[in-house]
Amino acid sequence: MAEATMLQVLSPSGDVQSDLLPELSEERMVDLYRQMLRTRAIDTRMLALQRQGRIGFYGTCRGQEAATIGSGAAMLPEDWVYPALREGAVLLLRGYSLEQYMGQLVGCALDPTHGRQMPCHFGSDAHNYVTLSSVIGTQINQAMGTAWAMKIKKHKKVTLGYMGDGATSSTDFHCALTIAAVHKVPAVFFCQNNQWAISVPFSKQTASKGIAAKAVAYGMPGVAVDGNDVLAVYRATKEAADRARNGGGPTLIEAITYRQEGHSSSDDPTRYRDAKIHEEWMQRDPLDRYRRFLELEGLVSAEMDAEIEAEVKASVNAAILAAEASPMPDVNTLFTDVYAEMPEQLLEQREDVLQERNEGTADGAFPL
Amino acid sequence: MSSITMVQAVNDALREEMRGDDDVVVLGEDVGINGGVFRCTADLIDEFGEERVIDTPLSESGIIGAAVGMALYGLKPVPEIQFSDFIWPAFDQITSEMAKMRYRSGGQFTCPMVVRTPYGGGIRGGHYHSQSPEAYFTHTPGLVVVIPSDPYDAKGLLKAAIRCEDPVIFLEPKRIYRAPKMDVPDDDDYVVEIGKAAVRREGTDFTITAYGAMVAVALEACEKAAEQGWSGEVVDLRTLLPLDEDAIIQSVTKTGRLVTLQEATKFCGFSSEISAIVAEKAIDVLEAPVKRVSGFDVPFPYTLEHVYMPHADRVLKAIEGVMTY
């Protein structure tokens, strides 16, 4: 950790750098907290659902709520977001419905993407949040391209591209940052350095002194920020977005944070994680830290926590019930959206499947 | 009408579409000031400026990835990969991203864009300036794969590709970039429909399927076959994906014999798919087994490329095979 040089507003011990506090109303400060708490509550619930076999896969944001909400909140609604695996909370922050969110996790007919991808692969054009693939790093190049298009069209907008620390070793990271800097595109590249790429620690990912340092060679500002400090993350992202919006080109932000859970529901982190280091990071929890600050400011209370938690529980429960009551995606959606118009070959294959189902000869290769 | 080369046809198509739609942008290595190493984008920068005719860093994955991001935002990018042999760093962006974007987003995000790239042998380019990669792309749902065989189609198909709602891989047969010339309409509205094959020569005894530079070889072979009294039909596929199966089945139903022709390597080549389709849908009309004429299953050679490349006499031998079976 390059803590000496990273931007921090709230220290783990509770000190506040007042001169660095971002310009946020009390209401917005509380909303950041509400979003973080909601993110954690949803994660806890979804991981439990996965364990019960009710959703197939889940990757939590746990431990990264400050980095995720702080960066997402610093963007304007007209800005575009390219997420990686753990940024679903940014889509909710942008106003996406919990029903559709749950619909995607369950893979039912409520999912506008028709259950075509594994859970956590959200996307919504109405929210300028691009549907991710599972491929690591490809979105970095696309974020650069969208930012470039914004510049070509002379729109005063910014594209925020997320990635994990593992993605900084991908080809696309190098291509995207090279081109973004040459053409001064309005992009914010936001690396969630959560110390792990599945089981590979950051020390085995790169010998570089941090990710932010890499920006120097590409020719853009690089900012290291305490990723467990939501106010610092907000400040760093807002500054980078403002600079991009005003023609100042791209920025690489490294949010130094920690993945408190395994990579996904399929992963057992105890096989490779040092218990002592894990415990140290757990002491630096982003929610605890922000809550202590808000409490001192008199902006949160135990009642408010209880109220938020009850509200989240009720809305999540309702969304789960709705998703589980929803039918599977129509079998027709297996063949739609491959092309704008369905070509002859696909019409034929669809016809075969519909006939198979009409004849009742098969309900698929295995029970769902 | 003007008599022009395929290079000029590509250039005209780009120019006309860029004039007609401000969202069309061209990007790639050396496409700006230099006008492309084959001159396909010559002088476009003078008319449209460097914001729309963009010299990029040497980064295929970056070029295609950027174009995907541009297309999602509403531009109509036409990226150029200088030689199709160098497209592989971008294969991930093409097959994992560009091809699947419409599907994986439930139609919310789409990538209307055209990846232009010269392909094929016959220019003494060795391993890495000669290959025919079409089968790698036709194996990917969501892509449209187009290959023109003459200047008329190059212009009309490229204009149609730029107006297409789906992502297009546009493979340009560089062996015939500069010859022959051909009369091509100057009309802005002229396009050649994607997804339709063309019968280049009508015949009754056998069918040859071909595309790109191999169409001319097929026609030459038919001339030679005619000397022996065999009447050949040549179907120029033009769009490989989605394929105009009807045109192939219709021709084979008429002739009863099929020779497929491609310069790509043979095993799992595109012609194998044609052979399989005919076997599934029209085997009862066949009077002889299908013959595939193709490149050999070796890396593309330098000095011996004239031996590697299918030629009319080799095709004629296959024709004899199906005619005398």
# chains A, B, ... in the order shown; residues from 1 in each chain; ligands from 1
>>> closest_atom_pairs(of="chain B", to="chain A", cutoff="9 Å", atoms="only C-alpha atoms", output="JSON lines")
{"residue": "B:Asp23", "atom": "CA", "partner": "A:Lys153", "partner_atom": "CA", "distance": 8.4}
{"residue": "B:Glu51", "atom": "CA", "partner": "A:Ile152", "partner_atom": "CA", "distance": 6.4}
{"residue": "B:Arg52", "atom": "CA", "partner": "A:Ile152", "partner_atom": "CA", "distance": 7.9}
{"residue": "B:Thr56", "atom": "CA", "partner": "A:Ile179", "partner_atom": "CA", "distance": 7.3}
{"residue": "B:Pro57", "atom": "CA", "partner": "A:Ile179", "partner_atom": "CA", "distance": 6.5}
{"residue": "B:Leu58", "atom": "CA", "partner": "A:Cys175", "partner_atom": "CA", "distance": 8.9}
{"residue": "B:Ser59", "atom": "CA", "partner": "A:Cys175", "partner_atom": "CA", "distance": 6.2}
{"residue": "B:Glu60", "atom": "CA", "partner": "A:Cys175", "partner_atom": "CA", "distance": 8.5}
{"residue": "B:Ser61", "atom": "CA", "partner": "A:Asp172", "partner_atom": "CA", "distance": 6.7}
{"residue": "B:Gly62", "atom": "CA", "partner": "A:Cys175", "partner_atom": "CA", "distance": 4.9}
{"residue": "B:Ile63", "atom": "CA", "partner": "A:Asn141", "partner_atom": "CA", "distance": 8.4}
{"residue": "B:Ile64", "atom": "CA", "partner": "A:Asn141", "partner_atom": "CA", "distance": 8.4}
{"residue": "B:Gly65", "atom": "CA", "partner": "A:Asn141", "partner_atom": "CA", "distance": 4.8}
{"residue": "B:Ala66", "atom": "CA", "partner": "A:Gly145", "partner_atom": "CA", "distance": 3.6}
{"residue": "B:Ala67", "atom": "CA", "partner": "A:Gly145", "partner_atom": "CA", "distance": 5.9}
{"residue": "B:Val68", "atom": "CA", "partner": "A:Gln142", "partner_atom": "CA", "distance": 5.9}
{"residue": "B:Gly69", "atom": "CA", "partner": "A:Gln142", "partner_atom": "CA", "distance": 4.0}
{"residue": "B:Met70", "atom": "CA", "partner": "A:Thr146", "partner_atom": "CA", "distance": 4.8}
{"residue": "B:Ala71", "atom": "CA", "partner": "A:Thr146", "partner_atom": "CA", "distance": 7.8}
{"residue": "B:Leu72", "atom": "CA", "partner": "A:Thr146", "partner_atom": "CA", "distance": 7.1}
{"residue": "B:Tyr73", "atom": "CA", "partner": "A:Thr146", "partner_atom": "CA", "distance": 5.8}
{"residue": "B:Gly74", "atom": "CA", "partner": "A:Ala149", "partner_atom": "CA", "distance": 7.9}
{"residue": "B:Leu75", "atom": "CA", "partner": "A:Ala149", "partner_atom": "CA", "distance": 6.7}
{"residue": "B:Pro89", "atom": "CA", "partner": "A:Thr171", "partner_atom": "CA", "distance": 8.5}
{"residue": "B:Asp92", "atom": "CA", "partner": "A:Thr138", "partner_atom": "CA", "distance": 7.9}
{"residue": "B:Gln93", "atom": "CA", "partner": "A:Thr138", "partner_atom": "CA", "distance": 6.7}
{"residue": "B:Ser96", "atom": "CA", "partner": "A:Val135", "partner_atom": "CA", "distance": 7.6}
{"residue": "B:Glu97", "atom": "CA", "partner": "A:Ser133", "partner_atom": "CA", "distance": 7.3}
{"residue": "B:Ala99", "atom": "CA", "partner": "A:Val338", "partner_atom": "CA", "distance": 8.1}
{"residue": "B:Lys100", "atom": "CA", "partner": "A:Val338", "partner_atom": "CA", "distance": 7.3}
{"residue": "B:Met101", "atom": "CA", "partner": "A:Thr131", "partner_atom": "CA", "distance": 7.8}
{"residue": "B:Arg102", "atom": "CA", "partner": "A:Asp337", "partner_atom": "CA", "distance": 5.6}
{"residue": "B:Tyr103", "atom": "CA", "partner": "A:Asp337", "partner_atom": "CA", "distance": 4.7}
{"residue": "B:Arg104", "atom": "CA", "partner": "A:Arg116", "partner_atom": "CA", "distance": 6.1}
{"residue": "B:Ser105", "atom": "CA", "partner": "A:Thr113", "partner_atom": "CA", "distance": 5.2}
{"residue": "B:Gly106", "atom": "CA", "partner": "A:Thr113", "partner_atom": "CA", "distance": 4.1}
{"residue": "B:Gly107", "atom": "CA", "partner": "A:Asp337", "partner_atom": "CA", "distance": 5.7}
{"residue": "B:Gln108", "atom": "CA", "partner": "A:Asp125", "partner_atom": "CA", "distance": 5.6}
{"residue": "B:Phe109", "atom": "CA", "partner": "A:Asp125", "partner_atom": "CA", "distance": 6.6}
{"residue": "B:Pro141", "atom": "CA", "partner": "A:Val338", "partner_atom": "CA", "distance": 6.6}
{"residue": "B:Gly142", "atom": "CA", "partner": "A:Val338", "partner_atom": "CA", "distance": 5.0}
{"residue": "B:Leu143", "atom": "CA", "partner": "A:Tyr339", "partner_atom": "CA", "distance": 8.0}
{"residue": "B:Val144", "atom": "CA", "partner": "A:Tyr339", "partner_atom": "CA", "distance": 8.8}
{"residue": "B:Glu165", "atom": "CA", "partner": "A:Ala340", "partner_atom": "CA", "distance": 6.3}
{"residue": "B:Asp166", "atom": "CA", "partner": "A:Tyr339", "partner_atom": "CA", "distance": 6.2}
{"residue": "B:Pro167", "atom": "CA", "partner": "A:Tyr339", "partner_atom": "CA", "distance": 8.9}
{"residue": "B:Gly195", "atom": "CA", "partner": "A:Pro343", "partner_atom": "CA", "distance": 9.0}
{"residue": "B:Pro242", "atom": "CA", "partner": "A:Pro343", "partner_atom": "CA", "distance": 6.5}
{"residue": "B:Leu243", "atom": "CA", "partner": "A:Gln345", "partner_atom": "CA", "distance": 8.1}
{"residue": "B:Asp244", "atom": "CA", "partner": "A:Glu344", "partner_atom": "CA", "distance": 8.5}
{"residue": "B:Glu245", "atom": "CA", "partner": "A:Gln345", "partner_atom": "CA", "distance": 8.6}
>>> residues_around(residues="Lys317 (chain B)", least_positions_apart="3", cutoff="12 Å", atoms="only C-alpha atoms", output="PyMOL selection string")
chain B and resi 221-222+224-225+259+291-293+310-314+320-324
>>> residues_around(residues="Met214 (chain B)", least_positions_apart="4", cutoff="7 Å", atoms="only C-alpha atoms", output="ChimeraX atom specification")
/B:210,218,261-262
>>> write_last_selection(atoms="all heavy atoms", output="PDB file, in the first residue's frame")
ATOM      1  N   ALA B 210     -17.676 -19.593 -54.924  1.00  0.00           N
ATOM      2  CA  ALA B 210     -16.416 -18.875 -54.713  1.00  0.00           C
ATOM      3  C   ALA B 210     -16.722 -17.511 -54.126  1.00  0.00           C
ATOM      4  O   ALA B 210     -17.887 -17.100 -54.050  1.00  0.00           O
ATOM      5  CB  ALA B 210     -15.662 -18.726 -56.032  1.00  0.00           C
ATOM      6  N   ALA B 218     -12.583 -19.090 -60.668  1.00  0.00           N
ATOM      7  CA  ALA B 218     -13.711 -19.984 -60.988  1.00  0.00           C
ATOM      8  C   ALA B 218     -14.199 -19.745 -62.412  1.00  0.00           C
ATOM      9  O   ALA B 218     -14.477 -20.698 -63.165  1.00  0.00           O
ATOM     10  CB  ALA B 218     -14.846 -19.763 -59.990  1.00  0.00           C
ATOM     11  N   LEU B 261     -14.707 -23.483 -53.876  1.00  0.00           N
ATOM     12  CA  LEU B 261     -13.394 -22.874 -54.122  1.00  0.00           C
ATOM     13  C   LEU B 261     -13.120 -21.786 -53.093  1.00  0.00           C
ATOM     14  O   LEU B 261     -13.951 -20.902 -52.861  1.00  0.00           O
ATOM     15  CB  LEU B 261     -13.372 -22.290 -55.542  1.00  0.00           C
ATOM     16  CG  LEU B 261     -12.112 -21.548 -55.986  1.00  0.00           C
ATOM     17  CD1 LEU B 261     -10.863 -22.398 -55.835  1.00  0.00           C
ATOM     18  CD2 LEU B 261     -12.263 -21.056 -57.428  1.00  0.00           C
ATOM     19  N   GLN B 262     -11.967 -21.900 -52.462  1.00  0.00           N
ATOM     20  CA  GLN B 262     -11.503 -20.862 -51.519  1.00  0.00           C
ATOM     21  C   GLN B 262     -10.000 -20.911 -51.500  1.00  0.00           C
ATOM     22  O   GLN B 262      -9.400 -21.929 -51.814  1.00  0.00           O
ATOM     23  CB  GLN B 262     -12.040 -21.133 -50.113  1.00  0.00           C
ATOM     24  CG  GLN B 262     -11.465 -22.417 -49.510  1.00  0.00           C
ATOM     25  CD  GLN B 262     -11.971 -22.730 -48.105  1.00  0.00           C
ATOM     26  OE1 GLN B 262     -13.119 -22.470 -47.787  1.00  0.00           O
ATOM     27  NE2 GLN B 262     -11.094 -23.292 -47.282  1.00  0.00           N
TER      28      GLN B 262
END
>>> residues_around(residues="Leu158 (chain B)", least_positions_apart="6", cutoff="9 Å", atoms="only C-alpha atoms", output="PDB file with C-alpha atoms, in the first residue's frame")
ATOM      1  CA  ALA B   9     -14.316   1.881 -55.109  1.00  0.00           C
ATOM      2  CA  VAL B  10     -13.602   1.513 -51.387  1.00  0.00           C
ATOM      3  CA  ALA B  13     -17.820   4.360 -50.765  1.00  0.00           C
ATOM      4  CA  LEU B  14     -16.167   5.811 -47.657  1.00  0.00           C
ATOM      5  CA  VAL B 114     -17.592  -2.005 -40.217  1.00  0.00           C
ATOM      6  CA  ARG B 116     -12.422  -3.208 -43.057  1.00  0.00           C
ATOM      7  CA  VAL B 146     -18.871  -9.721 -46.406  1.00  0.00           C
ATOM      8  CA  PRO B 148     -16.601  -8.414 -52.507  1.00  0.00           C
ATOM      9  CA  PHE B 170     -15.531  -6.509 -44.523  1.00  0.00           C
ATOM     10  CA  VAL B 191     -25.859  -0.186 -52.684  1.00  0.00           C
ATOM     11  CA  VAL B 192     -25.490  -3.943 -53.111  1.00  0.00           C
TER      12      VAL B 192
END
>>> select_by_dssp(residues="region 251-310 of chain B", states="alpha helix (DSSP H)", output="number ranges by chain")
B: 251-255, 270-282, 305-308
>>> residues_around(residues="Leu231 (chain A)", least_positions_apart="4", cutoff="8 Å", atoms="only C-alpha atoms", output="list in words")
Val9, Leu10, Leu21, Pro22, Gly70 and Arg235 of chain A
>>> residues_around(residues="Thr5 (chain A)", least_positions_apart="2", cutoff="12 Å", atoms="only C-alpha atoms", output="number ranges by chain")
A: 1-3, 7-8, 209-210, 212-213, 222-226, 254, 256
>>> atom_distance(atom1="CA of Glu303 (chain A)", atom2="CA of Thr68 (chain A)")
25.1 Å
>>> atom_distance(atom1="CA of Thr207 (chain B)", atom2="CA of Ile147 (chain B)")
19.2 Å
>>> closest_residue(among="A:Arg245, A:His263, A:Ala215, A:Gly95", to="Gly164 (chain A)", atoms="only C-alpha atoms")
A:His263
>>> select_by_dssp(residues="region 114-204 of chain A", states="strand (DSSP E or B)", output="PDB file with N, CA, C and O atoms, in the first residue's frame")
ATOM      1  N   SER A 124     -27.990  -1.194 -18.682  1.00  0.00           N
ATOM      2  CA  SER A 124     -29.208  -0.438 -18.972  1.00  0.00           C
ATOM      3  C   SER A 124     -28.882   0.789 -19.807  1.00  0.00           C
ATOM      4  O   SER A 124     -28.149   1.680 -19.347  1.00  0.00           O
ATOM      5  N   TYR A 129     -25.355   2.765 -18.629  1.00  0.00           N
ATOM      6  CA  TYR A 129     -24.549   1.781 -17.898  1.00  0.00           C
ATOM      7  C   TYR A 129     -24.432   0.565 -18.806  1.00  0.00           C
ATOM      8  O   TYR A 129     -25.398  -0.164 -19.022  1.00  0.00           O
ATOM      9  N   THR A 159     -16.841   9.572 -19.584  1.00  0.00           N
ATOM     10  CA  THR A 159     -17.048   8.135 -19.426  1.00  0.00           C
ATOM     11  C   THR A 159     -16.182   7.617 -18.282  1.00  0.00           C
ATOM     12  O   THR A 159     -14.995   7.918 -18.218  1.00  0.00           O
ATOM     13  N   LEU A 160     -16.837   6.875 -17.402  1.00  0.00           N
ATOM     14  CA  LEU A 160     -16.147   6.275 -16.258  1.00  0.00           C
ATOM     15  C   LEU A 160     -15.969   4.788 -16.545  1.00  0.00           C
ATOM     16  O   LEU A 160     -16.945   4.073 -16.767  1.00  0.00           O
ATOM     17  N   GLY A 161     -14.728   4.345 -16.587  1.00  0.00           N
ATOM     18  CA  GLY A 161     -14.451   2.931 -16.858  1.00  0.00           C
ATOM     19  C   GLY A 161     -13.840   2.265 -15.640  1.00  0.00           C
ATOM     20  O   GLY A 161     -12.764   2.651 -15.182  1.00  0.00           O
ATOM     21  N   TYR A 162     -14.540   1.265 -15.123  1.00  0.00           N
ATOM     22  CA  TYR A 162     -14.043   0.550 -13.942  1.00  0.00           C
ATOM     23  C   TYR A 162     -13.192  -0.650 -14.347  1.00  0.00           C
ATOM     24  O   TYR A 162     -13.387  -1.231 -15.437  1.00  0.00           O
ATOM     25  N   MET A 163     -12.316  -1.029 -13.450  1.00  0.00           N
ATOM     26  CA  MET A 163     -11.553  -2.268 -13.640  1.00  0.00           C
ATOM     27  C   MET A 163     -11.018  -2.699 -12.279  1.00  0.00           C
ATOM     28  O   MET A 163     -10.944  -1.882 -11.352  1.00  0.00           O
ATOM     29  N   GLY A 164     -10.628  -3.960 -12.174  1.00  0.00           N
ATOM     30  CA  GLY A 164      -9.939  -4.410 -10.974  1.00  0.00           C
ATOM     31  C   GLY A 164      -8.439  -4.320 -11.176  1.00  0.00           C
ATOM     32  O   GLY A 164      -7.971  -3.956 -12.260  1.00  0.00           O
ATOM     33  N   ALA A 187     -12.174  10.660 -20.265  1.00  0.00           N
ATOM     34  CA  ALA A 187     -12.423   9.395 -19.563  1.00  0.00           C
ATOM     35  C   ALA A 187     -11.822   9.437 -18.166  1.00  0.00           C
ATOM     36  O   ALA A 187     -10.795  10.078 -17.947  1.00  0.00           O
ATOM     37  N   VAL A 188     -12.488   8.752 -17.259  1.00  0.00           N
ATOM     38  CA  VAL A 188     -11.907   8.487 -15.944  1.00  0.00           C
ATOM     39  C   VAL A 188     -11.753   6.977 -15.828  1.00  0.00           C
ATOM     40  O   VAL A 188     -12.739   6.243 -15.891  1.00  0.00           O
ATOM     41  N   PHE A 189     -10.514   6.522 -15.748  1.00  0.00           N
ATOM     42  CA  PHE A 189     -10.242   5.095 -15.576  1.00  0.00           C
ATOM     43  C   PHE A 189     -10.106   4.844 -14.081  1.00  0.00           C
ATOM     44  O   PHE A 189      -9.238   5.435 -13.426  1.00  0.00           O
ATOM     45  N   PHE A 190     -10.982   4.008 -13.578  1.00  0.00           N
ATOM     46  CA  PHE A 190     -11.064   3.825 -12.126  1.00  0.00           C
ATOM     47  C   PHE A 190     -10.719   2.390 -11.762  1.00  0.00           C
ATOM     48  O   PHE A 190     -11.485   1.463 -12.035  1.00  0.00           O
ATOM     49  N   CYS A 191      -9.547   2.217 -11.185  1.00  0.00           N
ATOM     50  CA  CYS A 191      -9.102   0.878 -10.802  1.00  0.00           C
ATOM     51  C   CYS A 191      -9.425   0.610  -9.340  1.00  0.00           C
ATOM     52  O   CYS A 191      -8.969   1.326  -8.453  1.00  0.00           O
ATOM     53  N   GLN A 192     -10.214  -0.418  -9.123  1.00  0.00           N
ATOM     54  CA  GLN A 192     -10.488  -0.861  -7.756  1.00  0.00           C
ATOM     55  C   GLN A 192      -9.390  -1.845  -7.386  1.00  0.00           C
ATOM     56  O   GLN A 192      -9.505  -3.036  -7.675  1.00  0.00           O
ATOM     57  N   ASN A 193      -8.348  -1.324  -6.790  1.00  0.00           N
ATOM     58  CA  ASN A 193      -7.270  -2.224  -6.363  1.00  0.00           C
ATOM     59  C   ASN A 193      -7.692  -2.867  -5.047  1.00  0.00           C
ATOM     60  O   ASN A 193      -7.417  -2.361  -3.966  1.00  0.00           O
ATOM     61  N   TRP A 196      -6.655  -8.368  -4.807  1.00  0.00           N
ATOM     62  CA  TRP A 196      -6.743  -9.749  -5.267  1.00  0.00           C
ATOM     63  C   TRP A 196      -7.333  -9.847  -6.674  1.00  0.00           C
ATOM     64  O   TRP A 196      -8.304  -9.170  -6.984  1.00  0.00           O
ATOM     65  N   ALA A 197      -6.761 -10.725  -7.491  1.00  0.00           N
ATOM     66  CA  ALA A 197      -7.393 -11.157  -8.739  1.00  0.00           C
ATOM     67  C   ALA A 197      -7.638 -12.654  -8.540  1.00  0.00           C
ATOM     68  O   ALA A 197      -6.706 -13.448  -8.652  1.00  0.00           O
ATOM     69  N   VAL A 200      -4.711 -14.424  -6.844  1.00  0.00           N
ATOM     70  CA  VAL A 200      -3.383 -13.852  -7.073  1.00  0.00           C
ATOM     71  C   VAL A 200      -3.297 -12.479  -6.396  1.00  0.00           C
ATOM     72  O   VAL A 200      -4.059 -11.575  -6.734  1.00  0.00           O
ATOM     73  N   PRO A 201      -2.368 -12.330  -5.464  1.00  0.00           N
ATOM     74  CA  PRO A 201      -2.280 -11.053  -4.740  1.00  0.00           C
ATOM     75  C   PRO A 201      -1.665  -9.952  -5.610  1.00  0.00           C
ATOM     76  O   PRO A 201      -0.999 -10.252  -6.609  1.00  0.00           O
TER      77      PRO A 201
END
>>> atom_distance(atom1="CA of Thr265 (chain B)", atom2="CA of Asp236 (chain B)")
18.8 Å
>>> closest_residue(among="A:Gly227, A:Gly249, A:Pro77, A:Pro327", to="Trp281 (chain A)", atoms="only C-alpha atoms")
A:Gly227
>>> decode(residues="region 299-307 of chain B", atoms="all heavy atoms", output="tab-separated table (two decimals), in the first residue's frame")
chain	number	residue	atom	x	y	z
B	299	PRO	N	0.97	-23.21	-43.28
B	299	PRO	CA	1.07	-21.74	-43.21
B	299	PRO	C	1.28	-21.18	-44.61
B	299	PRO	O	1.88	-21.83	-45.47
B	299	PRO	CB	2.29	-21.51	-42.31
B	299	PRO	CG	2.38	-22.75	-41.48
B	299	PRO	CD	1.94	-23.87	-42.41
B	300	PHE	N	0.81	-19.98	-44.83
B	300	PHE	CA	0.89	-19.41	-46.18
B	300	PHE	C	2.35	-19.18	-46.57
B	300	PHE	O	3.11	-18.50	-45.89
B	300	PHE	CB	0.12	-18.08	-46.23
B	300	PHE	CG	-0.19	-17.67	-47.63
B	300	PHE	CD1	-1.44	-17.90	-48.17
B	300	PHE	CD2	0.79	-17.08	-48.43
B	300	PHE	CE1	-1.72	-17.54	-49.48
B	300	PHE	CE2	0.51	-16.73	-49.74
B	300	PHE	CZ	-0.75	-16.95	-50.27
B	301	PRO	N	2.79	-19.75	-47.72
B	301	PRO	CA	4.21	-19.68	-48.09
B	301	PRO	C	4.57	-18.39	-48.85
B	301	PRO	O	3.69	-17.72	-49.39
B	301	PRO	CB	4.37	-20.89	-49.01
B	301	PRO	CG	3.04	-20.99	-49.69
B	301	PRO	CD	2.00	-20.53	-48.69
B	302	TYR	N	5.87	-18.12	-48.88
B	302	TYR	CA	6.35	-16.93	-49.59
B	302	TYR	C	6.73	-17.28	-51.03
B	302	TYR	O	5.99	-17.00	-51.97
B	302	TYR	CB	7.52	-16.33	-48.81
B	302	TYR	CG	8.15	-15.14	-49.50
B	302	TYR	CD1	7.43	-13.96	-49.69
B	302	TYR	CD2	9.46	-15.18	-49.96
B	302	TYR	CE1	8.00	-12.86	-50.32
B	302	TYR	CE2	10.04	-14.09	-50.59
B	302	TYR	CZ	9.31	-12.94	-50.78
B	302	TYR	OH	9.87	-11.87	-51.40
B	303	THR	N	7.84	-17.97	-51.20
B	303	THR	CA	8.34	-18.22	-52.56
B	303	THR	C	7.37	-19.09	-53.36
B	303	THR	O	7.13	-18.84	-54.55
B	303	THR	CB	9.72	-18.91	-52.50
B	303	THR	OG1	10.59	-18.08	-51.74
B	303	THR	CG2	10.29	-19.11	-53.89
B	304	LEU	N	6.79	-20.10	-52.70
B	304	LEU	CA	5.94	-21.04	-53.43
B	304	LEU	C	4.45	-20.68	-53.38
B	304	LEU	O	3.60	-21.55	-53.51
B	304	LEU	CB	6.17	-22.46	-52.89
B	304	LEU	CG	7.59	-23.02	-53.15
B	304	LEU	CD1	7.73	-24.41	-52.53
B	304	LEU	CD2	7.89	-23.08	-54.66
B	305	GLU	N	4.15	-19.40	-53.21
B	305	GLU	CA	2.73	-19.06	-53.09
B	305	GLU	C	1.96	-19.35	-54.37
B	305	GLU	O	0.77	-19.65	-54.33
B	305	GLU	CB	2.53	-17.61	-52.64
B	305	GLU	CG	2.73	-16.56	-53.70
B	305	GLU	CD	2.23	-15.19	-53.26
B	305	GLU	OE1	1.28	-15.12	-52.46
B	305	GLU	OE2	2.78	-14.19	-53.73
B	306	HIS	N	2.65	-19.32	-55.53
B	306	HIS	CA	1.94	-19.61	-56.79
B	306	HIS	C	1.49	-21.07	-56.85
B	306	HIS	O	0.56	-21.41	-57.56
B	306	HIS	CB	2.82	-19.26	-58.00
B	306	HIS	CG	4.06	-20.08	-58.09
B	306	HIS	ND1	5.08	-20.02	-57.17
B	306	HIS	CD2	4.45	-21.01	-59.00
B	306	HIS	CE1	6.04	-20.86	-57.49
B	306	HIS	NE2	5.68	-21.48	-58.61
B	307	VAL	N	2.19	-21.92	-56.07
B	307	VAL	CA	1.79	-23.32	-56.00
B	307	VAL	C	0.64	-23.48	-55.00
B	307	VAL	O	-0.29	-24.25	-55.21
B	307	VAL	CB	2.99	-24.22	-55.59
B	307	VAL	CG1	2.56	-25.68	-55.55
B	307	VAL	CG2	4.14	-24.02	-56.57
